[in-house]
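A.B. asks: The structure file structure03.pdb (PDB, C-alpha atoms, pLDDT in the B column) is provided below.
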```pdb
MODEL        1
ATOM      1  CA  MET A 315     -12.256 -13.165 -38.053  1.00 43.00           C
ATOM      2  CA  ALA A 316     -14.385 -13.246 -34.912  1.00 53.00           C
ATOM      3  CA  ARG A 317     -12.801 -12.479 -31.567  1.00 62.00           C
ATOM      4  CA  ALA A 318     -12.433 -15.223 -28.980  1.00 75.00           C
ATOM      5  CA  VAL A 319     -15.031 -15.152 -26.186  1.00 72.00           C
ATOM      6  CA  SER A 320     -12.391 -14.618 -23.474  1.00 80.00           C
ATOM      7  CA  GLU A 321     -10.786 -11.824 -25.511  1.00 90.00           C
ATOM      8  CA  THR A 322     -14.128 -10.062 -25.892  1.00 92.00           C
ATOM      9  CA  HIS A 323     -14.835 -10.523 -22.166  1.00 94.00           C
ATOM     10  CA  GLY A 324     -11.530  -8.857 -21.317  1.00 94.00           C
ATOM     11  CA  GLU A 325     -12.099  -6.050 -23.801  1.00 96.00           C
ATOM     12  CA  ILE A 326     -15.503  -5.345 -22.249  1.00 96.00           C
ATOM     13  CA  LEU A 327     -13.962  -5.180 -18.767  1.00 95.00           C
ATOM     14  CA  ALA A 328     -11.206  -2.845 -19.961  1.00 94.00           C
ATOM     15  CA  ALA A 329     -13.682  -0.595 -21.777  1.00 96.00           C
ATOM     16  CA  ALA A 330     -15.941  -0.491 -18.727  1.00 94.00           C
ATOM     17  CA  ALA A 331     -13.006   0.524 -16.531  1.00 91.00           C
ATOM     18  CA  ARG A 332     -12.116   3.337 -18.942  1.00 90.00           C
ATOM     19  CA  ARG A 333     -15.725   4.538 -19.228  1.00 92.00           C
ATOM     20  CA  PHE A 334     -16.325   4.407 -15.452  1.00 88.00           C
ATOM     21  CA  ALA A 335     -13.116   6.411 -14.943  1.00 84.00           C
ATOM     22  CA  ALA A 336     -14.136   8.998 -17.550  1.00 85.00           C
ATOM     23  CA  THR A 337     -17.856   9.423 -16.873  1.00 87.00           C
ATOM     24  CA  GLY A 338     -18.493   7.548 -13.615  1.00 86.00           C
ATOM     25  CA  TYR A 339     -20.510   4.416 -13.004  1.00 88.00           C
ATOM     26  CA  ARG A 340     -23.846   6.245 -13.175  1.00 88.00           C
ATOM     27  CA  GLY A 341     -22.806   8.152 -16.267  1.00 91.00           C
ATOM     28  CA  THR A 342     -21.864   5.039 -18.218  1.00 93.00           C
ATOM     29  CA  SER A 343     -24.366   2.899 -20.072  1.00 96.00           C
ATOM     30  CA  LEU A 344     -23.928  -0.602 -21.400  1.00 97.00           C
ATOM     31  CA  GLN A 345     -24.354   0.912 -24.866  1.00 97.00           C
ATOM     32  CA  ASP A 346     -21.386   3.240 -24.188  1.00 97.00           C
ATOM     33  CA  ILE A 347     -19.262   0.239 -23.269  1.00 97.00           C
ATOM     34  CA  ALA A 348     -20.419  -1.734 -26.326  1.00 97.00           C
ATOM     35  CA  ARG A 349     -19.648   1.214 -28.606  1.00 97.00           C
ATOM     36  CA  GLU A 350     -16.110   1.486 -27.203  1.00 96.00           C
ATOM     37  CA  VAL A 351     -15.478  -2.241 -27.670  1.00 96.00           C
ATOM     38  CA  GLY A 352     -17.009  -2.239 -31.141  1.00 95.00           C
ATOM     39  CA  CYS A 353     -19.686  -4.785 -30.362  1.00 95.00           C
ATOM     40  CA  SER A 354     -23.422  -4.793 -29.723  1.00 95.00           C
ATOM     41  CA  LYS A 355     -25.098  -4.210 -26.379  1.00 96.00           C
ATOM     42  CA  ALA A 356     -26.382  -7.793 -26.709  1.00 96.00           C
ATOM     43  CA  THR A 357     -22.766  -8.994 -26.763  1.00 96.00           C
ATOM     44  CA  VAL A 358     -22.066  -7.112 -23.541  1.00 96.00           C
ATOM     45  CA  LEU A 359     -25.182  -8.685 -22.007  1.00 97.00           C
ATOM     46  CA  TYR A 360     -24.020 -12.135 -23.170  1.00 95.00           C
ATOM     47  CA  HIS A 361     -20.915 -11.676 -21.013  1.00 96.00           C
ATOM     48  CA  PHE A 362     -22.482  -9.765 -18.110  1.00 96.00           C
ATOM     49  CA  ALA A 363     -26.051  -9.924 -16.817  1.00 95.00           C
ATOM     50  CA  ASN A 364     -26.087  -6.171 -16.192  1.00 94.00           C
ATOM     51  CA  LYS A 365     -23.864  -3.200 -15.392  1.00 93.00           C
ATOM     52  CA  GLU A 366     -23.711  -4.179 -11.711  1.00 90.00           C
ATOM     53  CA  ALA A 367     -22.300  -7.613 -12.647  1.00 92.00           C
ATOM     54  CA  LEU A 368     -19.665  -5.919 -14.792  1.00 93.00           C
ATOM     55  CA  LEU A 369     -18.654  -3.653 -11.921  1.00 91.00           C
ATOM     56  CA  ALA A 370     -18.652  -6.591  -9.500  1.00 90.00           C
ATOM     57  CA  GLU A 371     -16.165  -8.456 -11.684  1.00 93.00           C
ATOM     58  CA  LEU A 372     -13.980  -5.373 -12.046  1.00 91.00           C
ATOM     59  CA  MET A 373     -13.929  -4.916  -8.278  1.00 90.00           C
ATOM     60  CA  ALA A 374     -13.704  -8.617  -7.297  1.00 91.00           C
ATOM     61  CA  PRO A 375      -9.904  -8.712  -6.769  1.00 94.00           C
ATOM     62  CA  ALA A 376      -9.979  -5.621  -4.513  1.00 92.00           C
ATOM     63  CA  ILE A 377     -12.986  -6.939  -2.601  1.00 92.00           C
ATOM     64  CA  ALA A 378     -11.235 -10.281  -2.054  1.00 94.00           C
ATOM     65  CA  VAL A 379      -8.207  -8.508  -0.541  1.00 96.00           C
ATOM     66  CA  LEU A 380     -10.523  -6.376   1.624  1.00 95.00           C
ATOM     67  CA  GLN A 381     -12.227  -9.557   2.866  1.00 95.00           C
ATOM     68  CA  GLU A 382      -8.816 -11.101   3.669  1.00 97.00           C
ATOM     69  CA  LEU A 383      -7.921  -7.990   5.670  1.00 97.00           C
ATOM     70  CA  ASP A 384     -11.233  -8.209   7.534  1.00 96.00           C
ATOM     71  CA  ASP A 385     -10.467 -11.851   8.369  1.00 97.00           C
ATOM     72  CA  ARG A 386      -6.983 -10.918   9.665  1.00 96.00           C
ATOM     73  CA  LEU A 387      -8.512  -8.232  11.890  1.00 96.00           C
ATOM     74  CA  ALA A 388     -10.976 -10.609  13.541  1.00 94.00           C
ATOM     75  CA  GLY A 389     -10.142 -10.900  17.221  1.00 90.00           C
ATOM     76  CA  LEU A 390      -7.452  -8.200  17.248  1.00 93.00           C
ATOM     77  CA  THR A 391      -7.789  -5.254  19.612  1.00 90.00           C
ATOM     78  CA  GLY A 392      -5.914  -2.102  20.554  1.00 90.00           C
ATOM     79  CA  GLY A 393      -2.591  -1.359  18.956  1.00 90.00           C
ATOM     80  CA  ALA A 394      -2.432  -4.738  17.207  1.00 92.00           C
ATOM     81  CA  ALA A 395      -5.711  -4.002  15.400  1.00 93.00           C
ATOM     82  CA  GLN A 396      -4.520  -0.510  14.492  1.00 94.00           C
ATOM     83  CA  GLN A 397      -1.247  -1.789  13.031  1.00 94.00           C
ATOM     84  CA  VAL A 398      -2.829  -4.541  10.929  1.00 95.00           C
ATOM     85  CA  ALA A 399      -5.603  -2.196   9.753  1.00 95.00           C
ATOM     86  CA  ALA A 400      -3.157   0.570   8.805  1.00 95.00           C
ATOM     87  CA  VAL A 401      -0.687  -1.562   6.865  1.00 96.00           C
ATOM     88  CA  GLY A 402      -3.399  -3.736   5.322  1.00 97.00           C
ATOM     89  CA  PHE A 403      -5.599  -0.883   4.163  1.00 96.00           C
ATOM     90  CA  VAL A 404      -2.731   1.240   2.842  1.00 97.00           C
ATOM     91  CA  ASP A 405      -1.419  -1.759   0.893  1.00 97.00           C
ATOM     92  CA  LEU A 406      -4.894  -2.460  -0.494  1.00 96.00           C
ATOM     93  CA  ALA A 407      -5.533   1.176  -1.442  1.00 95.00           C
ATOM     94  CA  VAL A 408      -2.163   1.568  -3.145  1.00 96.00           C
ATOM     95  CA  ARG A 409      -2.505  -1.724  -5.025  1.00 95.00           C
ATOM     96  CA  PHE A 410      -6.072  -1.029  -6.212  1.00 93.00           C
ATOM     97  CA  ARG A 411      -5.947   2.744  -6.575  1.00 90.00           C
ATOM     98  CA  ARG A 412      -7.150   2.670 -10.170  1.00 86.00           C
ATOM     99  CA  GLU A 413     -10.238   0.740  -9.083  1.00 86.00           C
ATOM    100  CA  ILE A 414     -10.797   3.214  -6.255  1.00 86.00           C
ATOM    101  CA  ALA A 415     -10.485   6.078  -8.733  1.00 83.00           C
ATOM    102  CA  LEU A 416     -13.222   4.517 -10.887  1.00 80.00           C
ATOM    103  CA  LEU A 417     -15.727   4.916  -8.098  1.00 78.00           C
ATOM    104  CA  ARG A 418     -14.852   8.326  -6.681  1.00 76.00           C
ATOM    105  CA  GLY A 419     -17.948   9.997  -5.360  1.00 75.00           C
ATOM    106  CA  GLU A 420     -20.155   6.993  -6.039  1.00 78.00           C
ATOM    107  CA  PHE A 421     -19.447   4.752  -3.036  1.00 75.00           C
ATOM    108  CA  PRO A 422     -22.689   5.452  -1.113  1.00 76.00           C
ATOM    109  CA  GLU A 423     -24.878   4.550  -4.095  1.00 76.00           C
ATOM    110  CA  LEU A 424     -22.807   1.479  -4.911  1.00 79.00           C
ATOM    111  CA  LEU A 425     -22.910   0.205  -1.334  1.00 78.00           C
ATOM    112  CA  ALA A 426     -26.694   0.098  -1.637  1.00 78.00           C
ATOM    113  CA  GLN A 427     -26.443  -2.498  -4.423  1.00 79.00           C
ATOM    114  CA  PRO A 428     -26.783  -6.146  -3.320  1.00 80.00           C
ATOM    115  CA  ALA A 429     -23.410  -7.209  -4.772  1.00 77.00           C
ATOM    116  CA  PHE A 430     -21.648  -4.686  -2.532  1.00 83.00           C
ATOM    117  CA  ALA A 431     -23.831  -4.662   0.576  1.00 82.00           C
ATOM    118  CA  HIS A 432     -21.276  -6.542   2.715  1.00 88.00           C
ATOM    119  CA  ILE A 433     -18.634  -3.891   2.005  1.00 89.00           C
ATOM    120  CA  GLN A 434     -20.382  -1.460   4.362  1.00 87.00           C
ATOM    121  CA  GLN A 435     -20.025  -3.870   7.311  1.00 90.00           C
ATOM    122  CA  ILE A 436     -16.378  -4.564   6.458  1.00 93.00           C
ATOM    123  CA  SER A 437     -15.731  -0.803   6.246  1.00 91.00           C
ATOM    124  CA  GLU A 438     -17.261  -0.285   9.682  1.00 92.00           C
ATOM    125  CA  ARG A 439     -15.115  -3.053  11.187  1.00 94.00           C
ATOM    126  CA  LEU A 440     -12.045  -1.579   9.493  1.00 95.00           C
ATOM    127  CA  ARG A 441     -12.866   1.866  10.913  1.00 94.00           C
ATOM    128  CA  ASP A 442     -13.233   0.314  14.372  1.00 94.00           C
ATOM    129  CA  ALA A 443      -9.860  -1.427  13.988  1.00 94.00           C
ATOM    130  CA  PHE A 444      -8.191   1.859  12.942  1.00 92.00           C
ATOM    131  CA  ALA A 445      -9.602   3.339  16.150  1.00 93.00           C
ATOM    132  CA  GLY A 446      -8.218   0.407  18.147  1.00 91.00           C
ATOM    133  CA  HIS A 447     -11.827  -0.516  19.003  1.00 92.00           C
ATOM    134  CA  SER A 448     -11.908   2.574  21.194  1.00 90.00           C
ATOM    135  CA  ASP A 449     -15.144   4.418  21.812  1.00 90.00           C
ATOM    136  CA  ARG A 450     -13.275   7.723  22.252  1.00 90.00           C
ATOM    137  CA  PRO A 451     -14.676  10.242  19.743  1.00 92.00           C
ATOM    138  CA  GLY A 452     -11.196  11.441  18.738  1.00 90.00           C
ATOM    139  CA  ALA A 453     -10.079   7.917  17.827  1.00 90.00           C
ATOM    140  CA  ARG A 454     -13.256   7.195  15.866  1.00 92.00           C
ATOM    141  CA  ILE A 455     -13.117  10.502  13.976  1.00 93.00           C
ATOM    142  CA  ALA A 456      -9.435  10.026  13.088  1.00 92.00           C
ATOM    143  CA  ALA A 457     -10.173   6.513  11.843  1.00 93.00           C
ATOM    144  CA  LEU A 458     -12.966   7.682   9.553  1.00 93.00           C
ATOM    145  CA  VAL A 459     -10.934  10.572   8.184  1.00 94.00           C
ATOM    146  CA  LEU A 460      -7.983   8.269   7.537  1.00 93.00           C
ATOM    147  CA  LEU A 461     -10.054   5.701   5.659  1.00 92.00           C
ATOM    148  CA  ALA A 462     -11.616   8.351   3.445  1.00 91.00           C
ATOM    149  CA  GLY A 463      -8.358  10.262   3.042  1.00 93.00           C
ATOM    150  CA  ILE A 464      -6.251   7.241   2.137  1.00 94.00           C
ATOM    151  CA  SER A 465      -8.790   6.227  -0.508  1.00 91.00           C
ATOM    152  CA  GLU A 466      -8.992   9.744  -1.906  1.00 91.00           C
ATOM    153  CA  ALA A 467      -5.198  10.195  -1.948  1.00 93.00           C
ATOM    154  CA  CYS A 468      -4.705   6.906  -3.783  1.00 92.00           C
ATOM    155  CA  ALA A 469      -7.347   7.839  -6.363  1.00 88.00           C
ATOM    156  CA  GLU A 470      -5.934  11.340  -6.812  1.00 90.00           C
ATOM    157  CA  PHE A 471      -2.229  10.512  -7.003  1.00 91.00           C
ATOM    158  CA  VAL A 472      -2.220   7.626  -9.480  1.00 86.00           C
ATOM    159  CA  ASP A 473       0.993   9.047 -10.952  1.00 90.00           C
ATOM    160  CA  VAL A 474       2.956   8.785  -7.679  1.00 95.00           C
ATOM    161  CA  PRO A 475       4.989   5.564  -7.587  1.00 96.00           C
ATOM    162  CA  ASP A 476       3.905   2.929  -5.067  1.00 95.00           C
ATOM    163  CA  ASP A 477       7.272   3.036  -3.291  1.00 96.00           C
ATOM    164  CA  GLU A 478       6.705   6.740  -2.541  1.00 97.00           C
ATOM    165  CA  LEU A 479       2.966   6.707  -1.871  1.00 96.00           C
ATOM    166  CA  ARG A 480       2.921   3.769   0.577  1.00 96.00           C
ATOM    167  CA  PRO A 481       5.474   5.163   3.076  1.00 97.00           C
ATOM    168  CA  ALA A 482       3.910   8.629   2.877  1.00 96.00           C
ATOM    169  CA  LEU A 483       0.486   7.208   3.757  1.00 96.00           C
ATOM    170  CA  LEU A 484       1.840   5.032   6.565  1.00 96.00           C
ATOM    171  CA  ALA A 485       3.666   8.033   8.056  1.00 95.00           C
ATOM    172  CA  LEU A 486       0.413   9.977   7.945  1.00 93.00           C
ATOM    173  CA  VAL A 487      -1.400   7.145   9.725  1.00 92.00           C
ATOM    174  CA  ARG A 488       1.251   7.044  12.471  1.00 91.00           C
ATOM    175  CA  ARG A 489       0.803  10.784  13.058  1.00 91.00           C
ATOM    176  CA  ALA A 490      -2.998  10.729  12.983  1.00 88.00           C
ATOM    177  CA  VAL A 491      -3.937   7.601  14.910  1.00 85.00           C
ATOM    178  CA  GLU A 492      -4.338   7.796  18.657  1.00 76.00           C
ATOM    179  CA  PRO A 493      -2.371   4.788  19.894  1.00 78.00           C
ATOM    180  CA  VAL A 494      -4.495   2.400  21.890  1.00 69.00           C
ATOM    181  CA  GLU A 495      -2.770  -0.136  24.039  1.00 64.00           C
ATOM    182  CA  SER A 496      -3.871  -3.719  23.770  1.00 51.00           C
ATOM    183  CA  PRO A 497      -5.172  -4.923  27.108  1.00 51.00           C
ATOM    184  CA  GLN A 498      -2.461  -6.769  28.994  1.00 50.00           C
ATOM    185  CA  PRO A 499      -3.335  -9.673  31.241  1.00 50.00           C
ATOM    186  CA  GLN A 500      -3.186  -8.606  34.866  1.00 50.00           C
ATOM    187  CA  PRO A 501      -1.285 -10.751  37.357  1.00 53.00           C
ATOM    188  CA  PRO A 502      -3.595 -12.423  39.848  1.00 56.00           C
ATOM    189  CA  THR A 503      -4.157 -10.523  43.059  1.00 56.00           C
ATOM    190  CA  THR A 504      -3.887 -12.153  46.493  1.00 55.00           C
ATOM    191  CA  GLU A 505      -7.681 -12.184  46.610  1.00 56.00           C
ATOM    192  CA  ASP A 506      -7.759 -14.176  43.326  1.00 51.00           C
ATOM    193  CA  LYS A 507      -5.268 -16.660  44.764  1.00 50.00           C
ATOM    194  CA  GLU A 508      -7.350 -17.181  47.917  1.00 53.00           C
ATOM    195  CA  SER A 509     -10.582 -17.951  46.048  1.00 49.00           C
TER     196      SER A 509
ENDMDL
END
```
Since I need it in another form, could you write the structure as structure tokens?

C.D. replies:
Amino acid sequence: MARAVSETHGEILAAAARRFAATGYRGTSLQDIAREVGCSKATVLYHFANKEALLAELMAPAIAVLQELDDRLAGLTGGAAQQVAAVGFVDLAVRFRREIALLRGEFPELLAQPAFAHIQQISERLRDAFAGHSDRPGARIAALVLLAGISEACAEFVDVPDDELRPALLALVRRAVEPVESPQPQPPTTEDKES
């Protein structure tokens, strides 16, 4: 009996995730995925235009959460931006750590693909938020190291339960981030009142 279209679609996604995890995105061909599913390469291409489209669908839930975080960060500065960035990114990385693990070492190449081009800009805004939008080198360096380190830790420690990994990462962020105060409105001076 033939498999249902939606069942085959799901099986292709699951096989792609396994293959990408085992041999990397570059090291996986559509034929490898088809072989694992037990279908033809033409069947894979019926469901997905190409390997990039397959990866885009696998990553879509994580990218949607990243976009939501980027939207929440819009307009925040200083400590408020740092707090939202830290909690939001740690939650995202813990929740999607298997997806992050699929792409270890392949992010630069993937960011060059059209389906993922906007991720680079979001990553830069997230790094800036981690730094509290400070231009101090120490804050910017810490932010970059944290983003890379959180991703790497989540990909490496897939066996650590979420309720242990999340607080450990947040504690690390608190120790590593240089707190930046949000600008406070200044009371008007007598000169302001006279003008």

A.B. asks: Select, from A:Ala331, A:Leu458, A:Leu380, A:Leu483, the residue with the minimum atom-to-atom distance to A:Phe430, counting all atoms listed in the file.

C.D. replies: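 Using all atoms listed in the file, A:Phe430 sits closest to A:Leu380.
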
A.B. asks: Atom CA of A:Pro493 to atom CA of A:Ala378: how many Å, to one decimal?

C.D. replies: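 These two atoms are separated by 28.1 Å.
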
A.B. asks: Which residues match the PyMOL selection byres ((chain A and resi 399) around 12) in the file above, as an MDAnalysis selection string?

C.D. replies: chainID A and resid 380 382:388 390:398 400:407 436:447 457 460:461 484 487:488 491

A.B. asks: Running the PyMOL selection byres ((chain A and resi 327) around 12) on this model by hand, what would come out? Give it as a PyMOL selection string.

C.D. replies: chain A and resi 320-326+328-334+344+347-348+350-351+358+361-362+365+367-374+413

A.B. asks: Can you translate the PyMOL selection byres ((chain A and resi 417) around 8) into the concrete residues it hits in this file, as a ChimeraX atom specification?

C.D. replies: /A:334-335,338-339,413-416,418-421

A.B. asks: Quick one: distance from atom CA of A:Ala376 to atom CA of A:Arg454 in Å, one decimal?

C.D. replies: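 Atom CA of A:Ala376 sits 24.3 Å away from atom CA of A:Arg454.
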
A.B. asks: From the set A:Lys355, A:Arg411, A:Arg349, A:Arg340, which residue has the shortest atom-to-atom contact distance to A:Val472, counting all atoms listed in the file?

C.D. replies: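 For A:Val472, the nearest of the given residues is A:Arg411.
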
A.B. asks: Between A:Thr357, A:Glu492, A:Arg412, A:Asn364, which residue has the minimum interatomic distance to A:Ala336, considering only C-alpha atoms?

C.D. replies: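 The answer is A:Arg412, which sits nearest to A:Ala336.
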
A.B. asks: To one decimal place, how far is atom CA of A:Leu486 from atom CA of A:Val474 in Å?

C.D. replies: 15.9 Å

A.B. asks: Is it possible to get the axis-aligned box enclosing stretch 365-381 of chain A (all listed atoms, 5 Å extra per side) as lines of an AutoDock Vina configuration file, with centre and edge lengths in Å rounded to one decimal?

C.D. replies:
```
center_x = -16.0
center_y = -6.7
center_z = -6.3
size_x = 25.7
size_y = 17.1
size_z = 28.3
```

A.B. asks: Rank A:Ala429, A:Cys353, A:Ala318, A:Ala469 by their smallest atom-to-atom distance to A:Glu366, using only C-alpha atoms, and report the top residue only.

C.D. replies: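 The shortest atom-to-atom distance to A:Glu366 comes from A:Ala429.
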